[in-house]
Amino acid sequence: MNNLEQNMRATNEMLFKTLQEWDPFSIGEEGYDTEIADSIAAVHRMDHPNELAKKIQEIYEFSFEEWIPMESCLKVAYKLIEIKNTGSCSL
């Protein structure tokens with residue numbers, strides 16, 4: 001595995017851990033694998049926190065048929081984008 005692949009893997013692991021810890025519906029960290037995978041894919045496609053927050057809100061609402069306040073989604077979106085932008089630089 002080359003450095004780029006190692007950096008991407010480490011970044012994805014940090015993104016995964018952040019989303020697991022978020023636990024927006026308080027069902028436990030293990031209850032969101034599909035939503036986390038979809039959200040990580042969105043992180044890699046999007047650079048604007050508002051756009052990412054809206055996508056994350058849609059992903060979780062689709063799966064759980066429950067609405068998450070945008071403020072909560074925006075807070076996690078900022079963290080995820082920060083990880084994406086600095087993760088590979090700091091490794």
# chains A, B, ... in the order shown; residues from 1 in each chain; ligands from 1

$ residues_around --residues "Met70 (chain A)" --least-positions-apart "3" --cutoff "8 Å" --atoms "only C-alpha atoms" --output "list in words"
Ala53, Lys54, Gln57, Cys73 and Leu74 of chain A

$ closest_residue --among "A:Val76, A:Ile27, A:Ile36, A:Val43" --to "Ile59 (chain A)" --atoms "only C-alpha atoms"
A:Ile36

$ closest_residue --among "A:Ala42, A:Leu4, A:Leu52, A:Leu80" --to "Leu19 (chain A)" --atoms "only C-alpha atoms"
A:Leu80

$ closest_residue --among "A:Tyr60, A:Lys79, A:Glu71, A:Glu5" --to "Lys17 (chain A)" --atoms "only C-alpha atoms"
A:Lys79

$ select_by_dssp --residues "chain A" --states "alpha helix (DSSP H)" --output "JSON, numbers by chain"
{"A": [3, 4, 5, 6, 7, 8, 9, 10, 11, 12, 13, 14, 15, 16, 17, 18, 19, 20, 21, 22, 33, 34, 35, 36, 37, 38, 39, 40, 41, 42, 43, 44, 45, 49, 50, 51, 52, 53, 54, 55, 56, 57, 58, 59, 60, 61, 62, 63, 64, 70, 71, 72, 73, 74, 75, 76, 77, 78, 79, 80, 81, 82, 83, 84, 85, 86, 87, 88, 89, 90]}

$ atom_distance --atom1 "CA of Pro24 (chain A)" --atom2 "CA of Asp47 (chain A)"
21.9 Å

$ residues_around --residues "Pro49 (chain A)" --least-positions-apart "5" --cutoff "8 Å" --atoms "only C-alpha atoms" --output "PyMOL selection string"
chain A and resi 74+77-78+81

$ residues_around --residues "Met8 (chain A)" --least-positions-apart "4" --cutoff "9 Å" --atoms "only C-alpha atoms" --output "list of chain:residue names"
A:Asn3, A:Leu4, A:Asn12, A:Glu13, A:Lys84, A:Gly87, A:Ser88
